[in-house]
Amino acid sequence: MQPRGRPRQDLVTQFQKASDEESKEKIVAHLANFAYDPYNYDFLRRLNVMELFLDCITEPNEKLIEFGVGGICNACVDPSNAQMIVQSGGIPLIIQCLSSPVKNTVNSALAALYYLCDPGTKTEILKPEVIELIRRYSRAEAVNVTFSNLAKAFLDRHVDGSS
């Protein structure tokens, strides 16, 4: 592995060995930050970090969920990452995040679904209950303008628009 990939490998190893929740939270937060940079996509795929993010979404720890879906959101703009997330059963997990009490989790889930929704995933994502929840977020600008804007963009592109 190239030297620049070493910090990512070290983080994955540390996560696997970590026994306390706070350490796991910090590690997943760092990995989610690495997922912003397209240079890291190949490293993250080789290290199975997309699967690690998805595993975090299934945890009862809200911070792990927040950072896991944040990492997915950061990485899913890449078609190979998006395919891995979809093939690993990520869409239902991301949809569950729409009901989170944590604002960042909901924002990341909305944005991830925006990027993951395509002709191959529309049936799974555009279920009536999901569309209704996103419509509620689109009308909530007085409560949270970010939710509202993300939800409106999603609806414009995938539901009400011509695509």
# chains A, B, ... in the order shown; residues from 1 in each chain; ligands from 1
$ residues_around --residues "stretch 55-63 of chain A" --least-positions-apart "6" --cutoff "12 Å" --atoms "only C-alpha atoms" --output "PyMOL selection string"
chain A and resi 15+20-29+31-32+48-49+69-72+85+88-106+108-109
$ write_last_selection --atoms "N, CA and C atoms" --output "compact mmCIF listing (two decimals), in the first residue's frame"
# COMPACT_ATOMS: atom_id res chain seq x y z
N PHE A 15 -10.04 0.90 14.84
CA PHE A 15 -11.47 0.71 15.05
C PHE A 15 -11.76 -0.74 15.42
N ASP A 20 -13.88 0.81 23.53
CA ASP A 20 -14.78 1.82 24.09
C ASP A 20 -15.44 2.63 22.97
N GLU A 21 -16.64 3.05 23.24
CA GLU A 21 -17.46 3.75 22.25
C GLU A 21 -16.84 5.08 21.81
N GLU A 22 -16.26 5.82 22.75
CA GLU A 22 -15.70 7.12 22.41
C GLU A 22 -14.57 6.99 21.39
N SER A 23 -13.72 6.00 21.54
CA SER A 23 -12.64 5.78 20.58
C SER A 23 -13.21 5.43 19.21
N LYS A 24 -14.21 4.57 19.17
CA LYS A 24 -14.85 4.19 17.91
C LYS A 24 -15.46 5.42 17.23
N GLU A 25 -16.11 6.27 18.01
CA GLU A 25 -16.73 7.49 17.46
C GLU A 25 -15.67 8.37 16.80
N LYS A 26 -14.56 8.58 17.48
CA LYS A 26 -13.50 9.44 16.93
C LYS A 26 -12.91 8.85 15.66
N ILE A 27 -12.71 7.55 15.65
CA ILE A 27 -12.13 6.89 14.48
C ILE A 27 -13.07 6.99 13.29
N VAL A 28 -14.35 6.72 13.50
CA VAL A 28 -15.32 6.80 12.39
C VAL A 28 -15.44 8.24 11.90
N ALA A 29 -15.38 9.21 12.81
CA ALA A 29 -15.40 10.61 12.40
C ALA A 29 -14.21 10.93 11.50
N LEU A 31 -12.50 8.75 9.63
CA LEU A 31 -12.70 8.06 8.37
C LEU A 31 -13.73 8.79 7.50
N ALA A 32 -14.77 9.31 8.13
CA ALA A 32 -15.79 10.07 7.38
C ALA A 32 -15.16 11.31 6.76
N ASN A 48 -12.55 -1.69 2.96
CA ASN A 48 -13.95 -2.00 3.31
C ASN A 48 -14.57 -0.98 4.25
N VAL A 49 -14.21 0.28 4.06
CA VAL A 49 -14.72 1.33 4.94
C VAL A 49 -16.19 1.62 4.66
N VAL A 69 -23.28 7.53 8.58
CA VAL A 69 -24.05 8.04 7.45
C VAL A 69 -23.38 9.29 6.86
N GLY A 70 -22.65 10.02 7.68
CA GLY A 70 -21.87 11.15 7.17
C GLY A 70 -20.79 10.68 6.21
N GLY A 71 -20.11 9.59 6.56
CA GLY A 71 -19.10 9.03 5.67
C GLY A 71 -19.70 8.53 4.37
N ILE A 72 -20.86 7.89 4.47
CA ILE A 72 -21.56 7.42 3.27
C ILE A 72 -21.93 8.61 2.39
N ILE A 85 -22.32 0.70 -1.80
CA ILE A 85 -23.31 1.00 -0.76
C ILE A 85 -24.65 0.33 -1.09
N SER A 88 -24.51 -3.48 -0.87
CA SER A 88 -24.36 -3.95 0.51
C SER A 88 -25.62 -3.73 1.34
N GLY A 89 -26.72 -3.35 0.69
CA GLY A 89 -27.98 -3.15 1.41
C GLY A 89 -28.07 -1.85 2.16
N GLY A 90 -27.36 -0.84 1.70
CA GLY A 90 -27.30 0.43 2.41
C GLY A 90 -28.53 1.31 2.33
N ILE A 91 -29.31 1.19 1.27
CA ILE A 91 -30.44 2.12 1.10
C ILE A 91 -31.44 2.03 2.26
N PRO A 92 -31.91 0.85 2.66
CA PRO A 92 -32.85 0.82 3.79
C PRO A 92 -32.24 1.41 5.07
N LEU A 93 -30.95 1.19 5.28
CA LEU A 93 -30.29 1.74 6.46
C LEU A 93 -30.25 3.27 6.42
N ILE A 94 -29.97 3.80 5.24
CA ILE A 94 -29.94 5.27 5.09
C ILE A 94 -31.34 5.83 5.27
N ILE A 95 -32.34 5.17 4.72
CA ILE A 95 -33.73 5.62 4.88
C ILE A 95 -34.11 5.67 6.36
N GLN A 96 -33.67 4.69 7.15
CA GLN A 96 -33.95 4.70 8.60
C GLN A 96 -33.37 5.96 9.26
N CYS A 97 -32.26 6.43 8.73
CA CYS A 97 -31.61 7.62 9.31
C CYS A 97 -32.44 8.88 9.14
N LEU A 98 -33.40 8.87 8.22
CA LEU A 98 -34.28 10.04 8.04
C LEU A 98 -35.12 10.32 9.28
N SER A 99 -35.29 9.31 10.12
CA SER A 99 -36.09 9.46 11.34
C SER A 99 -35.24 9.69 12.59
N SER A 100 -33.98 9.97 12.40
CA SER A 100 -33.08 10.17 13.54
C SER A 100 -33.39 11.46 14.28
N PRO A 101 -33.15 11.49 15.59
CA PRO A 101 -33.29 12.74 16.35
C PRO A 101 -32.09 13.68 16.16
N VAL A 102 -31.05 13.21 15.46
CA VAL A 102 -29.82 13.99 15.28
C VAL A 102 -29.86 14.70 13.92
N LYS A 103 -29.79 16.03 13.95
CA LYS A 103 -29.90 16.82 12.71
C LYS A 103 -28.87 16.43 11.66
N ASN A 104 -27.62 16.28 12.06
CA ASN A 104 -26.59 15.93 11.08
C ASN A 104 -26.85 14.59 10.42
N THR A 105 -27.41 13.66 11.16
CA THR A 105 -27.73 12.35 10.61
C THR A 105 -28.79 12.49 9.53
N VAL A 106 -29.83 13.26 9.81
CA VAL A 106 -30.90 13.47 8.82
C VAL A 106 -30.36 14.20 7.59
N SER A 108 -27.30 14.24 6.40
CA SER A 108 -26.45 13.32 5.62
C SER A 108 -27.29 12.27 4.90
N ALA A 109 -28.33 11.78 5.55
CA ALA A 109 -29.20 10.78 4.91
C ALA A 109 -29.92 11.38 3.71
$ closest_residue --among "A:Asp10, A:Pro38, A:Leu47, A:Ala111" --to "A:Ala75" --atoms "only C-alpha atoms"
A:Pro38
$ select_by_dssp --residues "stretch 25-79 of chain A" --states "helix (DSSP H, G or I)" --output "number ranges by chain"
A: 25-34, 38-46, 49-57, 62-75, 79
$ closest_residue --among "A:Gln14, A:Gly120, A:Lys152, A:Ile125" --to "A:Ser138" --atoms "only C-alpha atoms"
A:Lys152
$ closest_residue --among "A:Leu116, A:Leu52, A:Leu110, A:Leu44" --to "A:Tyr137" --atoms "only C-alpha atoms"
A:Leu110
$ closest_residue --among "A:Tyr114, A:Tyr36, A:Phe53, A:Phe43" --to "A:Ile134" --atoms "only C-alpha atoms"
A:Tyr114
$ closest_residue --among "A:His158, A:Arg135, A:Arg46, A:Lys127" --to "A:Tyr115" --atoms "only C-alpha atoms"
A:His158
$ atom_distance --atom1 "atom CA of A:Asn33" --atom2 "atom CA of A:Ile131"
29.0 Å
$ closest_residue --among "A:Leu54, A:Leu64, A:Leu11, A:Leu155" --to "A:Gln87" --atoms "only C-alpha atoms"
A:Leu54
$ atom_distance --atom1 "atom CA of A:Ile65" --atom2 "atom CA of A:Cys117"
20.6 Å
